[in-house]
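Note: the block below is target.txt and it holds compact mmCIF, C-alpha atoms and all ligand atoms.
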```txt
# COMPACT_ATOMS: atom_id res chain seq x y z
CA MET A 1 -71.83 25.65 -49.29
CA GLY A 2 -72.49 28.06 -46.43
CA ILE A 3 -69.90 28.79 -43.75
CA THR A 4 -71.83 26.79 -41.11
CA GLU A 5 -71.85 23.66 -43.29
CA GLU A 6 -68.19 24.16 -44.10
CA LEU A 7 -67.40 24.40 -40.34
CA HIS A 8 -69.41 21.26 -39.55
CA GLU A 9 -67.69 19.41 -42.32
CA GLN A 10 -64.25 20.45 -40.96
CA GLN A 11 -65.34 19.28 -37.51
CA ALA A 12 -66.41 15.88 -38.86
CA ARG A 13 -63.18 15.40 -40.84
CA GLY A 14 -61.06 16.67 -37.95
CA LEU A 15 -62.68 14.35 -35.43
CA ALA A 16 -62.23 11.40 -37.79
CA GLU A 17 -58.54 12.19 -38.31
CA ILE A 18 -58.00 12.68 -34.57
CA GLY A 19 -59.70 9.37 -33.93
CA SER A 20 -57.44 7.49 -36.29
CA ALA A 21 -54.13 9.10 -35.22
CA SER A 22 -51.94 6.15 -34.28
CA ASP A 23 -49.36 7.96 -32.15
CA LEU A 24 -48.61 11.27 -30.49
CA SER A 25 -46.72 12.77 -33.42
CA ALA A 26 -49.50 11.85 -35.88
CA LEU A 27 -51.98 13.47 -33.48
CA ASP A 28 -49.91 16.63 -33.31
CA ALA A 29 -49.78 16.79 -37.11
CA VAL A 30 -53.61 16.69 -37.17
CA ARG A 31 -53.80 19.41 -34.51
CA VAL A 32 -51.46 21.66 -36.54
CA ALA A 33 -53.43 21.00 -39.76
CA TYR A 34 -56.67 22.27 -38.17
CA LEU A 35 -55.80 24.45 -35.21
CA GLY A 36 -52.25 25.67 -36.01
CA LYS A 37 -51.43 29.20 -37.19
CA LYS A 38 -51.96 28.16 -40.82
CA GLY A 39 -54.54 25.47 -40.01
CA SER A 40 -57.77 25.15 -41.95
CA LEU A 41 -60.03 26.13 -39.02
CA THR A 42 -57.80 29.12 -38.21
CA THR A 43 -58.08 30.25 -41.83
CA VAL A 44 -61.91 30.09 -41.63
CA LEU A 45 -61.91 32.06 -38.34
CA ARG A 46 -59.72 34.77 -39.93
CA GLY A 47 -62.28 35.08 -42.73
CA LEU A 48 -65.20 35.75 -40.33
CA GLY A 49 -64.61 39.53 -40.48
CA ALA A 50 -65.39 39.56 -44.20
CA LEU A 51 -68.89 38.04 -43.70
CA PRO A 52 -72.05 40.12 -43.88
CA ALA A 53 -72.84 41.49 -40.38
CA GLU A 54 -76.04 39.39 -39.97
CA GLU A 55 -74.18 36.09 -40.53
CA ARG A 56 -71.32 36.86 -38.16
CA PRO A 57 -72.94 35.97 -34.74
CA VAL A 58 -74.03 32.47 -35.86
CA ALA A 59 -70.82 31.80 -37.74
CA GLY A 60 -68.79 33.03 -34.71
CA LYS A 61 -70.72 30.77 -32.34
CA VAL A 62 -70.44 27.69 -34.57
CA SER A 63 -66.74 28.19 -35.29
CA ASN A 64 -66.07 28.52 -31.59
CA GLU A 65 -67.98 25.28 -30.91
CA VAL A 66 -65.98 23.53 -33.65
CA ARG A 67 -62.68 24.81 -32.22
CA VAL A 68 -63.62 23.63 -28.69
CA ALA A 69 -64.80 20.26 -30.03
CA LEU A 70 -61.54 19.71 -31.96
CA GLU A 71 -59.35 20.91 -29.08
CA SER A 72 -61.01 18.68 -26.52
CA ALA A 73 -60.92 15.72 -28.93
CA VAL A 74 -57.16 16.31 -29.40
CA GLU A 75 -56.69 16.49 -25.63
CA ALA A 76 -58.67 13.30 -24.99
CA LYS A 77 -56.81 11.47 -27.75
CA ARG A 78 -53.47 12.74 -26.39
CA GLU A 79 -54.27 11.26 -22.99
CA GLU A 80 -55.37 7.98 -24.53
CA LEU A 81 -52.21 7.71 -26.66
CA SER A 82 -49.80 8.62 -23.85
CA ALA A 83 -51.48 6.15 -21.49
CA ALA A 84 -51.04 3.48 -24.18
CA ALA A 85 -47.38 4.49 -24.69
CA LEU A 86 -46.79 4.23 -20.93
CA ARG A 87 -48.43 0.79 -20.81
CA THR A 88 -46.18 -0.37 -23.66
CA ARG A 89 -43.06 0.92 -21.91
CA ILE A 90 -44.02 -0.73 -18.60
CA GLY A 91 -44.67 -3.96 -20.46
CA GLU A 92 -41.29 -3.86 -22.19
CA GLN A 93 -39.36 -3.07 -19.02
CA ALA A 94 -41.24 -5.48 -16.80
CA VAL A 95 -39.11 -7.67 -14.51
CA ASP A 96 -40.01 -11.33 -14.46
CA VAL A 97 -39.59 -12.05 -10.76
CA THR A 98 -40.05 -15.77 -11.40
CA LEU A 99 -36.77 -16.00 -13.37
CA PRO A 100 -33.94 -17.74 -11.49
CA GLY A 101 -31.35 -15.31 -10.06
CA ARG A 102 -27.84 -14.91 -11.44
CA GLY A 103 -25.46 -17.28 -9.62
CA ARG A 104 -22.75 -15.60 -7.56
CA PRO A 105 -19.46 -17.49 -7.40
CA VAL A 106 -18.76 -18.40 -3.78
CA GLY A 107 -15.11 -18.26 -2.77
CA SER A 108 -13.35 -20.86 -0.70
CA ARG A 109 -10.14 -21.08 1.26
CA HIS A 110 -6.96 -21.91 -0.63
CA LEU A 111 -5.88 -25.57 -0.48
CA ILE A 112 -2.76 -24.62 1.54
CA GLU A 113 -4.92 -22.87 4.12
CA GLN A 114 -7.30 -25.85 4.32
CA ILE A 115 -4.48 -28.32 5.00
CA ARG A 116 -2.73 -25.94 7.38
CA SER A 117 -5.84 -25.53 9.51
CA GLU A 118 -6.64 -29.27 9.36
CA ILE A 119 -3.18 -30.00 10.86
CA VAL A 120 -3.48 -27.15 13.37
CA GLU A 121 -6.81 -28.63 14.57
CA ILE A 122 -5.20 -32.05 15.11
CA PHE A 123 -2.57 -30.51 17.41
CA LEU A 124 -5.10 -28.31 19.22
CA GLY A 125 -6.89 -31.59 19.97
CA LEU A 126 -3.67 -32.86 21.60
CA GLY A 127 -3.46 -29.77 23.82
CA TYR A 128 -0.79 -27.83 21.89
CA ARG A 129 -0.85 -24.00 21.67
CA ILE A 130 -0.25 -22.10 18.45
CA ALA A 131 2.73 -19.73 18.43
CA GLU A 132 3.55 -17.15 15.76
CA GLY A 133 6.49 -14.85 15.17
CA PRO A 134 8.12 -12.50 12.65
CA GLU A 135 9.08 -13.62 9.13
CA VAL A 136 12.08 -11.28 9.28
CA GLU A 137 14.41 -12.69 11.92
CA LEU A 138 17.84 -12.37 13.43
CA ASP A 139 20.51 -14.81 12.40
CA TYR A 140 20.80 -15.76 16.09
CA TYR A 141 17.21 -17.10 16.30
CA ASN A 142 17.19 -18.72 12.87
CA PHE A 143 20.60 -20.43 13.11
CA THR A 144 22.87 -19.88 16.12
CA ALA A 145 20.41 -20.84 18.86
CA LEU A 146 19.49 -23.92 16.79
CA ASN A 147 23.02 -25.28 17.00
CA GLN A 148 23.97 -24.16 13.50
CA PRO A 149 27.49 -22.75 13.82
CA PRO A 150 28.46 -19.78 11.60
CA ASP A 151 30.19 -22.00 9.01
CA HIS A 152 27.26 -24.43 8.64
CA PRO A 153 26.34 -24.92 4.95
CA ALA A 154 22.65 -24.08 5.55
CA ARG A 155 23.80 -20.57 6.45
CA SER A 156 25.42 -20.04 3.05
CA LEU A 157 24.06 -17.42 0.67
CA GLN A 158 22.53 -20.06 -1.56
CA ASP A 159 19.85 -20.96 0.98
CA THR A 160 19.03 -17.75 2.80
CA PHE A 161 17.60 -14.36 1.84
CA TYR A 162 19.48 -11.71 3.80
CA VAL A 163 17.76 -8.39 4.50
CA ARG A 164 19.81 -5.29 3.84
CA ASP A 165 19.25 -2.11 5.84
CA LEU A 166 18.50 0.61 3.25
CA SER A 167 17.75 3.31 5.82
CA GLY A 168 21.23 4.87 5.87
CA ASP A 169 24.95 4.37 6.10
CA THR A 170 24.69 1.13 8.09
CA ALA A 171 23.78 -0.85 4.95
CA ALA A 172 25.24 -4.27 5.49
CA VAL A 173 27.54 -5.88 2.96
CA GLU A 174 25.58 -8.71 1.39
CA GLY A 175 26.08 -11.90 3.34
CA GLU A 176 27.23 -10.07 6.44
CA SER A 177 23.76 -8.95 7.48
CA ASP A 178 22.46 -10.54 10.66
CA VAL A 179 18.86 -9.91 9.53
CA LEU A 180 17.22 -12.50 7.27
CA LEU A 181 13.94 -14.04 6.12
CA ARG A 182 13.42 -17.08 8.35
CA THR A 183 14.24 -20.36 6.59
CA HIS A 184 12.06 -22.37 9.00
CA THR A 185 9.64 -21.54 11.84
CA SER A 186 12.06 -22.85 14.50
CA PRO A 187 12.94 -19.28 15.63
CA VAL A 188 9.32 -18.94 16.82
CA GLN A 189 9.94 -21.86 19.20
CA VAL A 190 13.29 -20.44 20.33
CA HIS A 191 11.40 -17.27 21.38
CA VAL A 192 8.81 -19.44 23.19
CA MET A 193 11.56 -21.30 25.10
CA GLU A 194 13.18 -17.96 26.05
CA GLU A 195 9.88 -16.59 27.29
CA GLN A 196 8.24 -19.49 29.11
CA LYS A 197 9.28 -22.40 31.28
CA PRO A 198 8.43 -26.04 30.48
CA PRO A 199 6.08 -27.79 30.11
CA ILE A 200 5.95 -26.51 26.51
CA TYR A 201 3.64 -27.95 23.86
CA VAL A 202 3.61 -25.56 20.88
CA LEU A 203 2.91 -25.62 17.18
CA ALA A 204 4.46 -22.95 14.92
CA PRO A 205 2.82 -22.69 11.48
CA GLY A 206 3.89 -19.99 9.05
CA LYS A 207 5.57 -18.85 5.85
CA VAL A 208 9.28 -19.50 5.40
CA TYR A 209 11.75 -18.47 2.69
CA ARG A 210 14.65 -20.18 0.94
CA ARG A 211 16.87 -18.83 -1.80
CA ASP A 212 15.99 -21.61 -4.26
CA ALA A 213 14.76 -21.45 -7.83
CA ALA A 214 11.17 -22.71 -8.05
CA ASP A 215 10.92 -26.16 -9.67
CA PRO A 216 8.39 -29.01 -9.47
CA SER A 217 9.51 -29.94 -5.94
CA HIS A 218 10.89 -26.65 -4.53
CA LEU A 219 9.37 -23.26 -3.80
CA PRO A 220 11.32 -20.20 -2.64
CA GLN A 221 8.46 -19.49 -0.24
CA PHE A 222 6.46 -22.22 1.45
CA THR A 223 4.36 -22.96 4.50
CA GLN A 224 5.97 -24.86 7.31
CA ILE A 225 4.48 -26.34 10.43
CA GLU A 226 6.92 -27.05 13.21
CA GLY A 227 6.16 -28.39 16.65
CA LEU A 228 8.06 -28.54 19.93
CA VAL A 229 7.51 -30.41 23.17
CA VAL A 230 9.67 -29.79 26.24
CA ASP A 231 8.77 -31.53 29.50
CA GLU A 232 10.18 -33.87 32.13
CA GLY A 233 10.69 -37.43 30.92
CA ILE A 234 9.96 -36.92 27.21
CA THR A 235 11.37 -39.81 25.16
CA PHE A 236 11.63 -40.87 21.53
CA ALA A 237 8.58 -43.07 22.21
CA ASP A 238 6.52 -39.92 22.83
CA LEU A 239 7.80 -38.52 19.52
CA LYS A 240 6.88 -41.71 17.65
CA GLY A 241 3.45 -42.06 19.26
CA THR A 242 2.56 -38.42 18.60
CA LEU A 243 3.68 -38.33 14.97
CA ASP A 244 2.13 -41.74 14.17
CA HIS A 245 -1.19 -40.44 15.52
CA VAL A 246 -0.87 -37.20 13.52
CA CYS A 247 -0.06 -39.03 10.25
CA LYS A 248 -3.11 -41.26 10.69
CA ALA A 249 -5.23 -38.18 11.43
CA ILE A 250 -3.99 -36.45 8.25
CA PHE A 251 -3.94 -39.38 5.81
CA GLY A 252 -6.36 -41.91 7.32
CA PRO A 253 -6.32 -44.62 10.02
CA ASP A 254 -5.08 -47.38 7.68
CA ARG A 255 -1.74 -45.69 6.98
CA ARG A 256 1.45 -46.89 8.73
CA THR A 257 4.54 -44.84 9.55
CA ARG A 258 8.25 -45.60 9.69
CA PHE A 259 11.11 -43.61 11.19
CA ARG A 260 14.42 -43.54 9.29
CA PRO A 261 17.61 -42.20 10.91
CA HIS A 262 18.58 -38.78 9.59
CA PHE A 263 20.60 -35.71 10.56
CA PHE A 264 19.45 -32.25 11.64
CA PRO A 265 21.79 -29.82 13.43
CA PHE A 266 19.13 -29.05 16.08
CA THR A 267 18.03 -32.59 17.05
CA GLU A 268 19.87 -35.70 18.21
CA PRO A 269 18.90 -38.36 17.39
CA SER A 270 16.99 -37.24 14.26
CA ALA A 271 14.68 -39.07 11.90
CA GLU A 272 12.65 -38.67 8.76
CA VAL A 273 9.13 -40.03 8.85
CA ASP A 274 7.56 -41.88 5.95
CA VAL A 275 3.89 -42.76 5.64
CA SER A 276 2.82 -45.90 3.77
CA CYS A 277 1.72 -45.25 0.19
CA GLY A 278 -2.03 -44.69 -0.13
CA ILE A 279 -2.11 -45.92 -3.74
CA CYS A 280 -0.52 -49.37 -3.33
CA GLY A 281 -0.89 -49.76 0.45
CA GLY A 282 2.88 -50.28 0.79
CA GLU A 283 3.37 -52.86 -1.99
CA GLY A 284 5.31 -50.42 -4.18
CA CYS A 285 3.94 -48.58 -7.22
CA ARG A 286 4.72 -45.68 -9.54
CA PHE A 287 3.34 -43.09 -7.09
CA CYS A 288 5.82 -44.13 -4.33
CA LYS A 289 8.56 -44.97 -6.87
CA GLY A 290 8.38 -48.64 -5.92
CA THR A 291 9.28 -48.09 -2.26
CA GLY A 292 5.82 -48.35 -0.67
CA TRP A 293 6.61 -45.23 1.40
CA LEU A 294 6.23 -41.44 1.09
CA GLU A 295 8.45 -39.03 3.04
CA ILE A 296 6.39 -36.46 4.93
CA LEU A 297 8.31 -34.91 7.83
CA GLY A 298 11.54 -34.54 9.78
CA CYS A 299 11.91 -34.80 13.55
CA GLY A 300 14.16 -35.60 16.48
CA MET A 301 14.99 -35.14 20.14
CA VAL A 302 15.96 -31.53 20.87
CA ASP A 303 19.75 -31.24 20.98
CA PRO A 304 20.94 -30.32 24.53
CA ASN A 305 22.99 -27.49 22.97
CA VAL A 306 19.70 -25.80 21.93
CA PHE A 307 18.50 -25.97 25.55
CA GLY A 308 21.80 -24.37 26.55
CA TYR A 309 21.12 -21.28 24.37
CA VAL A 310 17.68 -20.67 25.88
CA GLY A 311 18.51 -21.48 29.51
CA ILE A 312 16.57 -24.74 29.91
CA ASP A 313 18.25 -27.34 32.12
CA PRO A 314 18.95 -30.40 29.88
CA GLU A 315 19.46 -32.58 32.98
CA ARG A 316 15.90 -31.99 34.08
CA TYR A 317 14.09 -31.58 30.75
CA SER A 318 14.04 -33.33 27.41
CA GLY A 319 11.97 -32.70 24.33
CA PHE A 320 11.18 -33.51 20.75
CA ALA A 321 10.62 -31.33 17.71
CA PHE A 322 9.43 -31.86 14.17
CA GLY A 323 8.84 -29.94 10.96
CA MET A 324 6.77 -30.49 7.83
CA GLY A 325 6.10 -28.63 4.60
CA VAL A 326 2.39 -28.03 3.96
CA GLU A 327 2.82 -27.74 0.17
CA ARG A 328 4.59 -31.12 0.08
CA ILE A 329 1.75 -32.70 2.06
CA ALA A 330 -0.78 -31.13 -0.34
CA ALA A 331 1.17 -32.60 -3.27
CA LEU A 332 1.17 -36.07 -1.67
CA LYS A 333 -2.49 -35.92 -0.69
CA TYR A 334 -3.70 -34.78 -4.12
CA ASP A 335 -0.97 -36.25 -6.34
CA LEU A 336 0.14 -32.84 -7.65
CA PRO A 337 2.94 -33.15 -10.21
CA ASP A 338 4.31 -29.64 -9.54
CA LEU A 339 4.22 -27.52 -6.35
CA ARG A 340 4.21 -24.29 -8.39
CA ILE A 341 0.55 -24.76 -9.34
CA LEU A 342 -0.29 -23.96 -5.70
CA LEU A 343 0.96 -20.38 -6.15
CA GLU A 344 -0.34 -19.60 -9.62
CA GLY A 345 -3.93 -18.61 -8.80
CA ASP A 346 -5.35 -20.61 -11.72
CA MET A 347 -9.06 -20.97 -10.93
CA ARG A 348 -9.39 -24.17 -13.00
CA PHE A 349 -7.02 -25.77 -10.49
CA LEU A 350 -8.15 -24.00 -7.30
CA ARG A 351 -11.88 -24.61 -7.87
CA GLN A 352 -11.40 -28.36 -7.37
CA PHE A 353 -10.81 -28.04 -3.66
C1 LIG A 401 11.83 -30.65 8.09
C2 LIG A 401 12.46 -30.90 9.42
C3 LIG A 401 12.60 -30.20 11.66
C4 LIG A 401 12.87 -29.27 13.84
C5 LIG A 401 12.44 -29.15 12.55
C6 LIG A 401 13.30 -27.90 15.86
C7 LIG A 401 12.96 -26.72 16.49
C8 LIG A 401 13.54 -26.42 17.67
C9 LIG A 401 14.44 -27.27 18.25
C10 LIG A 401 14.73 -28.40 17.57
CL1 LIG A 401 13.19 -24.98 18.46
N1 LIG A 401 14.17 -28.72 16.40
N2 LIG A 401 12.70 -28.17 14.67
C11 LIG A 401 13.43 -30.46 14.26
C12 LIG A 401 13.58 -31.50 13.37
C13 LIG A 401 13.15 -31.36 12.06
O1 LIG A 401 12.12 -29.98 10.39
O2 LIG A 401 11.94 -31.44 7.23
N3 LIG A 401 11.15 -29.52 7.93
C14 LIG A 401 10.49 -29.16 6.72
```

Serialized structure, structure tokens:
Amino acid sequence: MGITEELHEQQARGLAEIGSASDLSALDAVRVAYLGKKGSLTTVLRGLGALPAEERPVAGKVSNEVRVALESAVEAKREELSAAALRTRIGEQAVDVTLPGRGRPVGSRHLIEQIRSEIVEIFLGLGYRIAEGPEVELDYYNFTALNQPPDHPARSLQDTFYVRDLSGDTAAVEGESDVLLRTHTSPVQVHVMEEQKPPIYVLAPGKVYRRDAADPSHLPQFTQIEGLVVDEGITFADLKGTLDHVCKAIFGPDRRTRFRPHFFPFTEPSAEVDVSCGICGGEGCRFCKGTGWLEILGCGMVDPNVFGYVGIDPERYSGFAFGMGVERIAALKYDLPDLRILLEGDMRFLRQF
């Protein structure tokens, strides 16, 4: 076989192998086999010098044509294969925009916050203002100005967290500090009475602290809402009418209220308010322990001694005050067996509200 035939045969085989290369690395193997340093075409080209002089021009021309033909076939095939590889990759990574999106969990306000703001809205509707104050208070505002003399049992260590001054040598002996965590929001109202003249219609919601161990019905920190009215001619009838309206607004218009005599150091007379049981309608059942009633707040007519501390004339003005625990109301409203679940952050519980 002459050199020209041999070259044409290599071209035909090469083109066939290039055509059937299934991927880029197979194609490169074909290119190396023909056109590489030790490739079969390269070997033929190296042998051209040994040919008789009259055959060299034709053989040179043909071998050049074969090289160009193989090179351009490799190039064309490379483009074809890489375009196919790109199409495959695009196909694999394609985003199906018709798929439904991933759901994002939407947060909600904590149950305590929901009930707190529900009650705040009821009082805003009655024309009350919201007052706030510090959670760290002076003994005077938390106790003394509220007619709780220094030997009153509520002032004992068991009930109150005292705050010790760690800044230097004035550190108070425990129990002798006059700085404490407020045990109710009453001090907020004492500040209001010091700062503004009657008429006063204020609501004081906020966190309060008591040195109690947590159990199903007690929390060492809870949310209290207190209210205070001071005006001319305020009577116990105003207290009853207001709190009856508020209980119906919180629990529903079919609920009744009753006022039982009680004692608080800062009000005289004082009462506890019960709302009729929502389960049995007042007949008596397990939920209300057979009584037909659920205790929800404490209240009374402001003791004249309290007015004395803040410089309000008890001959001209009278007033009523009340206090309720938001966590207790949440427990009554949703039949919670244990107040502590409100502070645990367990989403299986919190998600229900
Ligand atoms: C309860 C009872 C009560 C008050 C709070 C009060 C405030 C001032 C003057 C007089 Cl400035 N009284 N507050 C009165 C009666 C009851 O709270 O059971 N709280 C959880």

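For the choices A:Val179, A:Ile130, A:Val230, A:Ala271, the atom-to-atom distance to A:Pro205 is smallest for A:Ile130 when using only C-alpha atoms.
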
Can I get the residues of chain A within 8 Å of ligand LIG 401 (chain A), each with the closest pair of atoms and their distance in Å to one decimal, using all atoms listed in the file, sorted chain first then ascending number, as JSON lines?
```
{"residue": "A:Leu146", "atom": "CA", "partner": "A:LIG401", "partner_atom": "C9", "distance": 6.2}
{"residue": "A:His184", "atom": "CA", "partner": "A:LIG401", "partner_atom": "N3", "distance": 7.3}
{"residue": "A:Thr185", "atom": "CA", "partner": "A:LIG401", "partner_atom": "C7", "distance": 7.7}
{"residue": "A:Ser186", "atom": "CA", "partner": "A:LIG401", "partner_atom": "C7", "distance": 4.4}
{"residue": "A:Pro187", "atom": "CA", "partner": "A:LIG401", "partner_atom": "CL1", "distance": 6.4}
{"residue": "A:Val188", "atom": "CA", "partner": "A:LIG401", "partner_atom": "CL1", "distance": 7.4}
{"residue": "A:Gln189", "atom": "CA", "partner": "A:LIG401", "partner_atom": "CL1", "distance": 4.6}
{"residue": "A:Val190", "atom": "CA", "partner": "A:LIG401", "partner_atom": "CL1", "distance": 4.9}
{"residue": "A:Met193", "atom": "CA", "partner": "A:LIG401", "partner_atom": "CL1", "distance": 7.8}
{"residue": "A:Gln224", "atom": "CA", "partner": "A:LIG401", "partner_atom": "C14", "distance": 6.3}
{"residue": "A:Ile225", "atom": "CA", "partner": "A:LIG401", "partner_atom": "C14", "distance": 7.6}
{"residue": "A:Glu226", "atom": "CA", "partner": "A:LIG401", "partner_atom": "C5", "distance": 5.9}
{"residue": "A:Gly227", "atom": "CA", "partner": "A:LIG401", "partner_atom": "N2", "distance": 6.8}
{"residue": "A:Leu228", "atom": "CA", "partner": "A:LIG401", "partner_atom": "C7", "distance": 6.3}
{"residue": "A:Phe264", "atom": "CA", "partner": "A:LIG401", "partner_atom": "C12", "distance": 6.2}
{"residue": "A:Phe266", "atom": "CA", "partner": "A:LIG401", "partner_atom": "C10", "distance": 4.7}
{"residue": "A:Thr267", "atom": "CA", "partner": "A:LIG401", "partner_atom": "C10", "distance": 5.4}
{"residue": "A:Ser270", "atom": "CA", "partner": "A:LIG401", "partner_atom": "C12", "distance": 6.7}
{"residue": "A:Ala271", "atom": "CA", "partner": "A:LIG401", "partner_atom": "C12", "distance": 7.8}
{"residue": "A:Glu272", "atom": "CA", "partner": "A:LIG401", "partner_atom": "O2", "distance": 7.4}
{"residue": "A:Ile296", "atom": "CA", "partner": "A:LIG401", "partner_atom": "O2", "distance": 7.8}
{"residue": "A:Leu297", "atom": "CA", "partner": "A:LIG401", "partner_atom": "O2", "distance": 5.1}
{"residue": "A:Gly298", "atom": "CA", "partner": "A:LIG401", "partner_atom": "C2", "distance": 3.8}
{"residue": "A:Cys299", "atom": "CA", "partner": "A:LIG401", "partner_atom": "C12", "distance": 3.7}
{"residue": "A:Gly300", "atom": "CA", "partner": "A:LIG401", "partner_atom": "C12", "distance": 5.2}
{"residue": "A:Met301", "atom": "CA", "partner": "A:LIG401", "partner_atom": "C10", "distance": 7.2}
{"residue": "A:Val302", "atom": "CA", "partner": "A:LIG401", "partner_atom": "C10", "distance": 4.7}
{"residue": "A:Asp303", "atom": "CA", "partner": "A:LIG401", "partner_atom": "C10", "distance": 6.7}
{"residue": "A:Val306", "atom": "CA", "partner": "A:LIG401", "partner_atom": "C9", "distance": 6.6}
{"residue": "A:Phe320", "atom": "CA", "partner": "A:LIG401", "partner_atom": "C10", "distance": 7.0}
{"residue": "A:Ala321", "atom": "CA", "partner": "A:LIG401", "partner_atom": "C11", "distance": 4.5}
{"residue": "A:Phe322", "atom": "CA", "partner": "A:LIG401", "partner_atom": "C11", "distance": 4.2}
{"residue": "A:Gly323", "atom": "CA", "partner": "A:LIG401", "partner_atom": "O1", "distance": 3.3}
{"residue": "A:Met324", "atom": "CA", "partner": "A:LIG401", "partner_atom": "C14", "distance": 4.1}
{"residue": "A:Gly325", "atom": "CA", "partner": "A:LIG401", "partner_atom": "C14", "distance": 4.9}
```

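Between atom CA of A:Glu118 and atom CA of A:Asp244 there is a distance of 16.0 Å.
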
Counting all atoms listed in the file, figure out which residue out of A:Pro199, A:Val32, A:Leu45, A:Gln352 gets nearest to A:Glu65.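 Of all the options, A:Leu45 lies closest to A:Glu65.
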
Counting all atoms listed in the file, closest pick from A:Ala330, A:Ile18, A:Leu27, A:Leu111 relative to A:Met347 is A:Leu111

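When atom CA of A:Pro216 is paired with atom CA of A:Pro253, their separation reads 29.0 Å.
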
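Note that atom CA of A:Leu332 and atom CA of A:Cys285 are 14.0 Å apart.
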